[in-house]
Structures are given as structure tokens and as C-alpha cells.
Amino acid sequence: MTQKNLSIEEFNKQLQNWTGKTVRICKQEIDDHDETLMHLQQVTYETNTRRIDDYQPMHTLQLNGTGQVENEAHDMQPLPSSTYEIPLEDSSRYQFDGSQFSLTTDRGAYTIEIAKQ
């Protein structure tokens with residue numbers, strides 16, 4: 001399937017449809033790859049206007065729910081909090097191919113898909 005570019009509004013609207021489902025979130029940053037399974041209960045956004053430096057994002061996508069994250073030993077551990085945060089930037093790209101969301105930032109790439117049971 002081909003990736004379709006989305007605006008942040010289109011991305012949000014389509015991702016909201018996955019509330020109540022179990023999703024798999026994969027993060028790939030320089031030398032860091034994480035996989036998380038989460039029962040998605042809510043999708044929210046946060047704006048931080050009191051940033052100390054440019055490393056802290058001004059906008060954050062928050063995936064709220066319960067779940068597990070894979071550790072370095074490839075064991076699943078409970079999420080440390082009920083919120084999975086993805087930093088957003090003005091240059092972030094949002095895509096959807098019909099079954100998987102892709103979100104690309106200057107820091108890394110994230111994919112979100114319905115978890116296979």
C-alpha cells in the first residue's frame with residue numbers, strides 16, 4: 001500500500017478511530033529501537049510554552065492507555081506510565097497507508113498499527 005501524506009488534523013482524526021483497540025508502537029531513533037503494545041484509551045496533545053531549551057518539544061502527541069514495552073532482553077515489561085509521548089515538530093511528517101500510521105520527526109521515526117493478536 002502507498003503512504004498518503006496527512007495534515008496533523010487528518011492524522012488526529014484517523015488515529016482517534018483506533019481508541020479502544022490494542023496498538024503496536026515502534027520507535028526508531030539513532031541507536032534506539034523500542035516496541036510498545038498499548039490498549040489505546042485516548043489520544044491527546046500537549047503544548048509546552050515554558051520550554052527550557054530546544055530539546056524539549058513544544059508539542060507532544062500523547063497516546064494514553066495501559067500496556068507493555070519490550071526491554072533490551074526482549075522481555076515485555078509494564079509501561080512505566082499510562083502515557084506514551086511522541087515529540088512533534090513543525091517539520092513532522094504524518095502518513096497513513098490504510099493499516100499503519102507513520103510519523104517522522106527530526107529525532108526519529110514512529111509507526112503505529114493495530115496489534116496482531
# chains A, B, ... in the order shown; residues from 1 in each chain; ligands from 1
>>> residues_around(residues="Gln14 (chain A)", least_positions_apart="6", cutoff="12 Å", atoms="only C-alpha atoms", output="list in words")
Leu6, Ser7, Ile8, Val43, Tyr94, Gln95, Phe96, Asp97, Gly98, Ser99, Gln100, Phe101, Ile112 and Glu113 of chain A
>>> residues_around(residues="Leu37 (chain A)", least_positions_apart="6", cutoff="10 Å", atoms="only C-alpha atoms", output="PyMOL selection string")
chain A and resi 22-26+65-70+76+78-79+112-115
>>> write_last_selection(atoms="all heavy atoms", output="tab-separated table (two decimals), in the first residue's frame")
chain	number	residue	atom	x	y	z
A	22	THR	N	-6.03	-2.30	20.66
A	22	THR	CA	-4.65	-2.51	21.08
A	22	THR	C	-3.75	-2.18	19.89
A	22	THR	O	-3.94	-2.71	18.79
A	22	THR	CB	-4.41	-3.95	21.55
A	22	THR	OG1	-5.27	-4.20	22.68
A	22	THR	CG2	-2.96	-4.16	21.98
A	23	VAL	N	-2.80	-1.28	20.12
A	23	VAL	CA	-1.91	-0.84	19.05
A	23	VAL	C	-0.47	-1.22	19.38
A	23	VAL	O	-0.10	-1.40	20.53
A	23	VAL	CB	-2.00	0.69	18.82
A	23	VAL	CG1	-3.39	1.08	18.35
A	23	VAL	CG2	-1.60	1.48	20.05
A	24	ARG	N	0.32	-1.34	18.33
A	24	ARG	CA	1.75	-1.58	18.44
A	24	ARG	C	2.44	-0.31	17.99
A	24	ARG	O	2.19	0.18	16.89
A	24	ARG	CB	2.16	-2.75	17.55
A	24	ARG	CG	3.61	-3.11	17.65
A	24	ARG	CD	3.86	-4.41	16.87
A	24	ARG	NE	5.22	-4.44	16.44
A	24	ARG	CZ	5.64	-4.33	15.19
A	24	ARG	NH1	4.77	-4.21	14.21
A	24	ARG	NH2	6.90	-4.35	14.89
A	25	ILE	N	3.31	0.22	18.85
A	25	ILE	CA	4.04	1.46	18.56
A	25	ILE	C	5.51	1.10	18.45
A	25	ILE	O	6.09	0.52	19.37
A	25	ILE	CB	3.85	2.49	19.69
A	25	ILE	CG1	2.37	2.72	19.97
A	25	ILE	CG2	4.56	3.80	19.34
A	25	ILE	CD1	2.08	3.30	21.34
A	26	CYS	N	6.12	1.42	17.33
A	26	CYS	CA	7.55	1.18	17.14
A	26	CYS	C	8.25	2.52	17.00
A	26	CYS	O	7.82	3.37	16.22
A	26	CYS	CB	7.82	0.34	15.89
A	26	CYS	SG	7.14	-1.31	15.98
A	65	GLY	N	-3.06	4.98	27.73
A	65	GLY	CA	-3.62	3.64	27.91
A	65	GLY	C	-2.69	2.79	28.74
A	65	GLY	O	-1.70	3.26	29.31
A	66	THR	N	-3.00	1.52	28.80
A	66	THR	CA	-2.17	0.56	29.53
A	66	THR	C	-1.49	-0.34	28.53
A	66	THR	O	-1.99	-0.57	27.44
A	66	THR	CB	-3.03	-0.28	30.49
A	66	THR	OG1	-4.06	-0.93	29.74
A	66	THR	CG2	-3.66	0.58	31.57
A	67	GLY	N	-0.33	-0.86	28.93
A	67	GLY	CA	0.35	-1.74	28.00
A	67	GLY	C	1.69	-2.21	28.50
A	67	GLY	O	1.99	-2.15	29.69
A	68	GLN	N	2.50	-2.67	27.54
A	68	GLN	CA	3.80	-3.23	27.84
A	68	GLN	C	4.82	-2.72	26.83
A	68	GLN	O	4.49	-2.45	25.68
A	68	GLN	CB	3.76	-4.75	27.76
A	68	GLN	CG	2.79	-5.41	28.71
A	68	GLN	CD	2.75	-6.90	28.49
A	68	GLN	OE1	2.80	-7.38	27.38
A	68	GLN	NE2	2.66	-7.64	29.59
A	69	VAL	N	6.06	-2.62	27.29
A	69	VAL	CA	7.17	-2.22	26.43
A	69	VAL	C	8.20	-3.35	26.44
A	69	VAL	O	8.41	-4.00	27.46
A	69	VAL	CB	7.78	-0.87	26.88
A	69	VAL	CG1	8.35	-0.96	28.28
A	69	VAL	CG2	8.81	-0.37	25.88
A	70	GLU	N	8.84	-3.58	25.30
A	70	GLU	CA	9.87	-4.61	25.21
A	70	GLU	C	11.19	-4.04	25.71
A	70	GLU	O	11.61	-2.97	25.27
A	70	GLU	CB	10.01	-5.07	23.76
A	70	GLU	CG	10.94	-6.22	23.57
A	70	GLU	CD	10.99	-6.72	22.14
A	70	GLU	OE1	10.58	-5.99	21.22
A	70	GLU	OE2	11.46	-7.85	21.94
A	76	MET	N	8.78	-8.49	27.81
A	76	MET	CA	7.77	-7.44	27.91
A	76	MET	C	7.62	-7.02	29.37
A	76	MET	O	7.48	-7.87	30.25
A	76	MET	CB	6.43	-7.92	27.35
A	76	MET	CG	6.47	-8.28	25.87
A	76	MET	SD	7.07	-6.97	24.79
A	76	MET	CE	5.63	-5.94	24.65
A	78	PRO	N	5.68	-3.95	32.06
A	78	PRO	CA	4.60	-2.96	32.10
A	78	PRO	C	5.14	-1.56	31.76
A	78	PRO	O	6.28	-1.23	32.09
A	78	PRO	CB	4.11	-3.00	33.54
A	78	PRO	CG	4.59	-4.31	34.08
A	78	PRO	CD	5.86	-4.64	33.34
A	79	LEU	N	4.32	-0.78	31.07
A	79	LEU	CA	4.71	0.60	30.79
A	79	LEU	C	4.93	1.35	32.10
A	79	LEU	O	4.17	1.18	33.05
A	79	LEU	CB	3.61	1.32	29.99
A	79	LEU	CG	3.50	0.98	28.52
A	79	LEU	CD1	2.27	1.64	27.91
A	79	LEU	CD2	4.74	1.41	27.78
A	112	ILE	N	2.64	3.27	14.04
A	112	ILE	CA	1.54	2.85	14.90
A	112	ILE	C	0.62	2.00	14.05
A	112	ILE	O	0.19	2.41	12.97
A	112	ILE	CB	0.77	4.07	15.46
A	112	ILE	CG1	1.73	5.04	16.16
A	112	ILE	CG2	-0.34	3.63	16.41
A	112	ILE	CD1	1.12	6.41	16.45
A	113	GLU	N	0.32	0.79	14.55
A	113	GLU	CA	-0.56	-0.11	13.81
A	113	GLU	C	-1.38	-0.91	14.80
A	113	GLU	O	-1.04	-1.01	15.98
A	113	GLU	CB	0.24	-1.04	12.91
A	113	GLU	CG	1.18	-1.95	13.65
A	113	GLU	CD	2.09	-2.76	12.74
A	113	GLU	OE1	2.04	-2.60	11.51
A	113	GLU	OE2	2.87	-3.57	13.27
A	114	ILE	N	-2.48	-1.49	14.32
A	114	ILE	CA	-3.29	-2.37	15.17
A	114	ILE	C	-2.46	-3.61	15.45
A	114	ILE	O	-1.88	-4.21	14.54
A	114	ILE	CB	-4.62	-2.76	14.46
A	114	ILE	CG1	-5.45	-1.51	14.13
A	114	ILE	CG2	-5.39	-3.77	15.29
A	114	ILE	CD1	-6.04	-0.81	15.33
A	115	ALA	N	-2.39	-3.98	16.72
A	115	ALA	CA	-1.60	-5.16	17.11
A	115	ALA	C	-2.26	-6.43	16.63
A	115	ALA	O	-3.49	-6.57	16.71
A	115	ALA	CB	-1.44	-5.19	18.63
>>> closest_residue(among="A:Thr44, A:Ser82, A:Ser91, A:Asn64", to="Asp106 (chain A)", atoms="only C-alpha atoms")
A:Ser91
>>> atom_distance(atom1="CA of Glu72 (chain A)", atom2="CA of Gln41 (chain A)")
26.3 Å
>>> closest_residue(among="A:Ile86, A:Gln16, A:Thr104, A:Tyr110", to="Leu40 (chain A)", atoms="only C-alpha atoms")
A:Gln16
>>> select_by_dssp(residues="region 8-108 of chain A", states="alpha helix (DSSP H)", output="PDB file with C-alpha atoms, in the first residue's frame")
ATOM      1  CA  ILE A   8      -1.907  16.876  11.662  1.00  0.00           C
ATOM      2  CA  GLU A   9      -5.697  17.309  11.742  1.00  0.00           C
ATOM      3  CA  GLU A  10      -6.285  14.357   9.379  1.00  0.00           C
ATOM      4  CA  PHE A  11      -3.760  12.267  11.309  1.00  0.00           C
ATOM      5  CA  ASN A  12      -5.520  13.030  14.593  1.00  0.00           C
ATOM      6  CA  LYS A  13      -8.991  12.313  13.196  1.00  0.00           C
ATOM      7  CA  GLN A  14      -7.970   8.920  11.801  1.00  0.00           C
ATOM      8  CA  LEU A  15      -5.911   7.940  14.849  1.00  0.00           C
ATOM      9  CA  GLN A  16      -8.875   8.757  17.128  1.00  0.00           C
TER      10      GLN A  16
END
>>> atom_distance(atom1="CA of Glu46 (chain A)", atom2="CA of Leu63 (chain A)")
11.0 Å
>>> closest_residue(among="A:Lys21, A:Glu35, A:Thr47, A:Gln62", to="Ser81 (chain A)", atoms="only C-alpha atoms")
A:Gln62
>>> select_by_dssp(residues="region 4-90 of chain A", states="strand (DSSP E)", output="PDB file with N, CA and C atoms, in the first residue's frame")
ATOM      1  N   LYS A   4      -0.019   7.771   2.295  1.00  0.00           N
ATOM      2  CA  LYS A   4      -0.699   9.023   1.976  1.00  0.00           C
ATOM      3  C   LYS A   4      -0.286  10.048   3.018  1.00  0.00           C
ATOM      4  N   ASN A   5       0.200  11.194   2.555  1.00  0.00           N
ATOM      5  CA  ASN A   5       0.566  12.267   3.471  1.00  0.00           C
ATOM      6  C   ASN A   5      -0.696  12.865   4.078  1.00  0.00           C
ATOM      7  N   LEU A   6      -0.630  13.143   5.379  1.00  0.00           N
ATOM      8  CA  LEU A   6      -1.764  13.697   6.111  1.00  0.00           C
ATOM      9  C   LEU A   6      -1.366  15.001   6.791  1.00  0.00           C
ATOM     10  N   THR A  22      -6.027  -2.302  20.660  1.00  0.00           N
ATOM     11  CA  THR A  22      -4.645  -2.507  21.077  1.00  0.00           C
ATOM     12  C   THR A  22      -3.753  -2.180  19.892  1.00  0.00           C
ATOM     13  N   VAL A  23      -2.797  -1.276  20.118  1.00  0.00           N
ATOM     14  CA  VAL A  23      -1.910  -0.837  19.053  1.00  0.00           C
ATOM     15  C   VAL A  23      -0.473  -1.217  19.379  1.00  0.00           C
ATOM     16  N   ARG A  24       0.316  -1.341  18.329  1.00  0.00           N
ATOM     17  CA  ARG A  24       1.746  -1.583  18.444  1.00  0.00           C
ATOM     18  C   ARG A  24       2.444  -0.306  17.994  1.00  0.00           C
ATOM     19  N   ILE A  25       3.310   0.224  18.850  1.00  0.00           N
ATOM     20  CA  ILE A  25       4.039   1.456  18.562  1.00  0.00           C
ATOM     21  C   ILE A  25       5.515   1.102  18.448  1.00  0.00           C
ATOM     22  N   CYS A  26       6.120   1.420  17.330  1.00  0.00           N
ATOM     23  CA  CYS A  26       7.551   1.179  17.142  1.00  0.00           C
ATOM     24  C   CYS A  26       8.250   2.520  16.998  1.00  0.00           C
ATOM     25  N   LYS A  27       9.317   2.698  17.758  1.00  0.00           N
ATOM     26  CA  LYS A  27      10.104   3.928  17.697  1.00  0.00           C
ATOM     27  C   LYS A  27      11.505   3.578  17.237  1.00  0.00           C
ATOM     28  N   GLN A  28      12.009   4.326  16.253  1.00  0.00           N
ATOM     29  CA  GLN A  28      13.378   4.153  15.797  1.00  0.00           C
ATOM     30  C   GLN A  28      14.077   5.504  15.848  1.00  0.00           C
ATOM     31  N   GLU A  29      14.979   5.640  16.812  1.00  0.00           N
ATOM     32  CA  GLU A  29      15.844   6.809  16.896  1.00  0.00           C
ATOM     33  C   GLU A  29      17.252   6.313  16.665  1.00  0.00           C
ATOM     34  N   ASP A  32      18.402   3.518  18.923  1.00  0.00           N
ATOM     35  CA  ASP A  32      17.386   3.078  19.877  1.00  0.00           C
ATOM     36  C   ASP A  32      16.145   2.617  19.130  1.00  0.00           C
ATOM     37  N   HIS A  33      15.763   1.359  19.378  1.00  0.00           N
ATOM     38  CA  HIS A  33      14.544   0.810  18.785  1.00  0.00           C
ATOM     39  C   HIS A  33      13.693   0.253  19.920  1.00  0.00           C
ATOM     40  N   ASP A  34      12.484   0.760  20.041  1.00  0.00           N
ATOM     41  CA  ASP A  34      11.558   0.303  21.083  1.00  0.00           C
ATOM     42  C   ASP A  34      10.268  -0.175  20.439  1.00  0.00           C
ATOM     43  N   GLU A  35       9.661  -1.179  21.051  1.00  0.00           N
ATOM     44  CA  GLU A  35       8.332  -1.632  20.648  1.00  0.00           C
ATOM     45  C   GLU A  35       7.440  -1.650  21.876  1.00  0.00           C
ATOM     46  N   THR A  36       6.244  -1.101  21.713  1.00  0.00           N
ATOM     47  CA  THR A  36       5.288  -0.997  22.806  1.00  0.00           C
ATOM     48  C   THR A  36       3.941  -1.505  22.340  1.00  0.00           C
ATOM     49  N   LEU A  37       3.272  -2.287  23.170  1.00  0.00           N
ATOM     50  CA  LEU A  37       1.887  -2.684  22.943  1.00  0.00           C
ATOM     51  C   LEU A  37       1.033  -1.909  23.939  1.00  0.00           C
ATOM     52  N   MET A  38      -0.024  -1.271  23.447  1.00  0.00           N
ATOM     53  CA  MET A  38      -0.847  -0.445  24.318  1.00  0.00           C
ATOM     54  C   MET A  38      -2.316  -0.581  23.952  1.00  0.00           C
ATOM     55  N   HIS A  39      -3.147  -0.731  24.985  1.00  0.00           N
ATOM     56  CA  HIS A  39      -4.590  -0.637  24.782  1.00  0.00           C
ATOM     57  C   HIS A  39      -4.900   0.856  24.774  1.00  0.00           C
ATOM     58  N   LEU A  40      -5.123   1.409  23.592  1.00  0.00           N
ATOM     59  CA  LEU A  40      -5.274   2.849  23.407  1.00  0.00           C
ATOM     60  C   LEU A  40      -6.628   3.317  23.931  1.00  0.00           C
ATOM     61  N   GLN A  41      -6.585   4.123  24.984  1.00  0.00           N
ATOM     62  CA  GLN A  41      -7.811   4.612  25.596  1.00  0.00           C
ATOM     63  C   GLN A  41      -8.137   6.040  25.187  1.00  0.00           C
ATOM     64  N   GLN A  42      -7.101   6.818  24.833  1.00  0.00           N
ATOM     65  CA  GLN A  42      -7.330   8.210  24.492  1.00  0.00           C
ATOM     66  C   GLN A  42      -6.121   8.753  23.740  1.00  0.00           C
ATOM     67  N   VAL A  43      -6.374   9.673  22.803  1.00  0.00           N
ATOM     68  CA  VAL A  43      -5.315  10.373  22.091  1.00  0.00           C
ATOM     69  C   VAL A  43      -5.432  11.844  22.466  1.00  0.00           C
ATOM     70  N   THR A  44      -4.350  12.414  23.015  1.00  0.00           N
ATOM     71  CA  THR A  44      -4.363  13.819  23.404  1.00  0.00           C
ATOM     72  C   THR A  44      -3.074  14.488  22.925  1.00  0.00           C
ATOM     73  N   TYR A  45      -3.058  15.793  23.034  1.00  0.00           N
ATOM     74  CA  TYR A  45      -1.892  16.589  22.663  1.00  0.00           C
ATOM     75  C   TYR A  45      -1.592  17.557  23.789  1.00  0.00           C
ATOM     76  N   GLU A  46      -0.319  17.886  23.939  1.00  0.00           N
ATOM     77  CA  GLU A  46       0.095  18.840  24.954  1.00  0.00           C
ATOM     78  C   GLU A  46       0.977  19.893  24.305  1.00  0.00           C
ATOM     79  N   THR A  47       0.804  21.132  24.732  1.00  0.00           N
ATOM     80  CA  THR A  47       1.660  22.221  24.286  1.00  0.00           C
ATOM     81  C   THR A  47       2.439  22.737  25.478  1.00  0.00           C
ATOM     82  N   HIS A  59       5.268  20.742  21.183  1.00  0.00           N
ATOM     83  CA  HIS A  59       4.025  19.974  21.077  1.00  0.00           C
ATOM     84  C   HIS A  59       4.348  18.488  21.234  1.00  0.00           C
ATOM     85  N   THR A  60       3.438  17.777  21.891  1.00  0.00           N
ATOM     86  CA  THR A  60       3.626  16.347  22.130  1.00  0.00           C
ATOM     87  C   THR A  60       2.323  15.612  21.862  1.00  0.00           C
ATOM     88  N   LEU A  61       2.412  14.527  21.080  1.00  0.00           N
ATOM     89  CA  LEU A  61       1.297  13.601  20.899  1.00  0.00           C
ATOM     90  C   LEU A  61       1.334  12.648  22.081  1.00  0.00           C
ATOM     91  N   GLN A  62       0.206  12.474  22.758  1.00  0.00           N
ATOM     92  CA  GLN A  62       0.150  11.582  23.908  1.00  0.00           C
ATOM     93  C   GLN A  62      -0.837  10.458  23.626  1.00  0.00           C
ATOM     94  N   LEU A  63      -0.319   9.238  23.613  1.00  0.00           N
ATOM     95  CA  LEU A  63      -1.146   8.049  23.473  1.00  0.00           C
ATOM     96  C   LEU A  63      -1.357   7.530  24.886  1.00  0.00           C
ATOM     97  N   ASN A  64      -2.589   7.522  25.336  1.00  0.00           N
ATOM     98  CA  ASN A  64      -2.911   7.172  26.717  1.00  0.00           C
ATOM     99  C   ASN A  64      -3.542   5.789  26.788  1.00  0.00           C
ATOM    100  N   GLY A  65      -3.059   4.976  27.727  1.00  0.00           N
ATOM    101  CA  GLY A  65      -3.616   3.644  27.909  1.00  0.00           C
ATOM    102  C   GLY A  65      -2.687   2.789  28.738  1.00  0.00           C
ATOM    103  N   THR A  66      -2.997   1.519  28.799  1.00  0.00           N
ATOM    104  CA  THR A  66      -2.173   0.564  29.529  1.00  0.00           C
ATOM    105  C   THR A  66      -1.489  -0.344  28.535  1.00  0.00           C
ATOM    106  N   GLY A  67      -0.332  -0.863  28.932  1.00  0.00           N
ATOM    107  CA  GLY A  67       0.349  -1.743  28.001  1.00  0.00           C
ATOM    108  C   GLY A  67       1.687  -2.212  28.501  1.00  0.00           C
ATOM    109  N   GLN A  68       2.498  -2.666  27.545  1.00  0.00           N
ATOM    110  CA  GLN A  68       3.802  -3.230  27.842  1.00  0.00           C
ATOM    111  C   GLN A  68       4.816  -2.715  26.834  1.00  0.00           C
ATOM    112  N   VAL A  69       6.062  -2.615  27.288  1.00  0.00           N
ATOM    113  CA  VAL A  69       7.170  -2.225  26.428  1.00  0.00           C
ATOM    114  C   VAL A  69       8.204  -3.345  26.443  1.00  0.00           C
ATOM    115  N   GLU A  70       8.839  -3.576  25.304  1.00  0.00           N
ATOM    116  CA  GLU A  70       9.868  -4.609  25.207  1.00  0.00           C
ATOM    117  C   GLU A  70      11.189  -4.038  25.709  1.00  0.00           C
ATOM    118  N   MET A  76       8.778  -8.486  27.813  1.00  0.00           N
ATOM    119  CA  MET A  76       7.767  -7.440  27.915  1.00  0.00           C
ATOM    120  C   MET A  76       7.618  -7.024  29.374  1.00  0.00           C
ATOM    121  N   GLN A  77       7.667  -5.722  29.618  1.00  0.00           N
ATOM    122  CA  GLN A  77       7.529  -5.147  30.952  1.00  0.00           C
ATOM    123  C   GLN A  77       6.368  -4.149  30.928  1.00  0.00           C
ATOM    124  N   PRO A  78       5.684  -3.949  32.059  1.00  0.00           N
ATOM    125  CA  PRO A  78       4.604  -2.957  32.098  1.00  0.00           C
ATOM    126  C   PRO A  78       5.138  -1.565  31.760  1.00  0.00           C
ATOM    127  N   THR A  83       1.005   6.983  29.723  1.00  0.00           N
ATOM    128  CA  THR A  83       1.096   7.893  28.582  1.00  0.00           C
ATOM    129  C   THR A  83       2.367   7.610  27.792  1.00  0.00           C
ATOM    130  N   TYR A  84       2.205   7.390  26.487  1.00  0.00           N
ATOM    131  CA  TYR A  84       3.336   7.251  25.573  1.00  0.00           C
ATOM    132  C   TYR A  84       3.416   8.563  24.806  1.00  0.00           C
ATOM    133  N   GLU A  85       4.541   9.275  24.943  1.00  0.00           N
ATOM    134  CA  GLU A  85       4.665  10.598  24.344  1.00  0.00           C
ATOM    135  C   GLU A  85       5.548  10.563  23.105  1.00  0.00           C
ATOM    136  N   ILE A  86       5.084  11.266  22.066  1.00  0.00           N
ATOM    137  CA  ILE A  86       5.853  11.429  20.840  1.00  0.00           C
ATOM    138  C   ILE A  86       6.032  12.932  20.618  1.00  0.00           C
ATOM    139  N   PRO A  87       7.287  13.425  20.606  1.00  0.00           N
ATOM    140  CA  PRO A  87       7.512  14.847  20.377  1.00  0.00           C
ATOM    141  C   PRO A  87       7.163  15.218  18.937  1.00  0.00           C
ATOM    142  N   LEU A  88       6.474  16.332  18.775  1.00  0.00           N
ATOM    143  CA  LEU A  88       6.089  16.811  17.449  1.00  0.00           C
ATOM    144  C   LEU A  88       6.847  18.088  17.123  1.00  0.00           C
TER     145      LEU A  88
END
>>> atom_distance(atom1="CA of Gln3 (chain A)", atom2="CA of Asp90 (chain A)")
19.7 Å
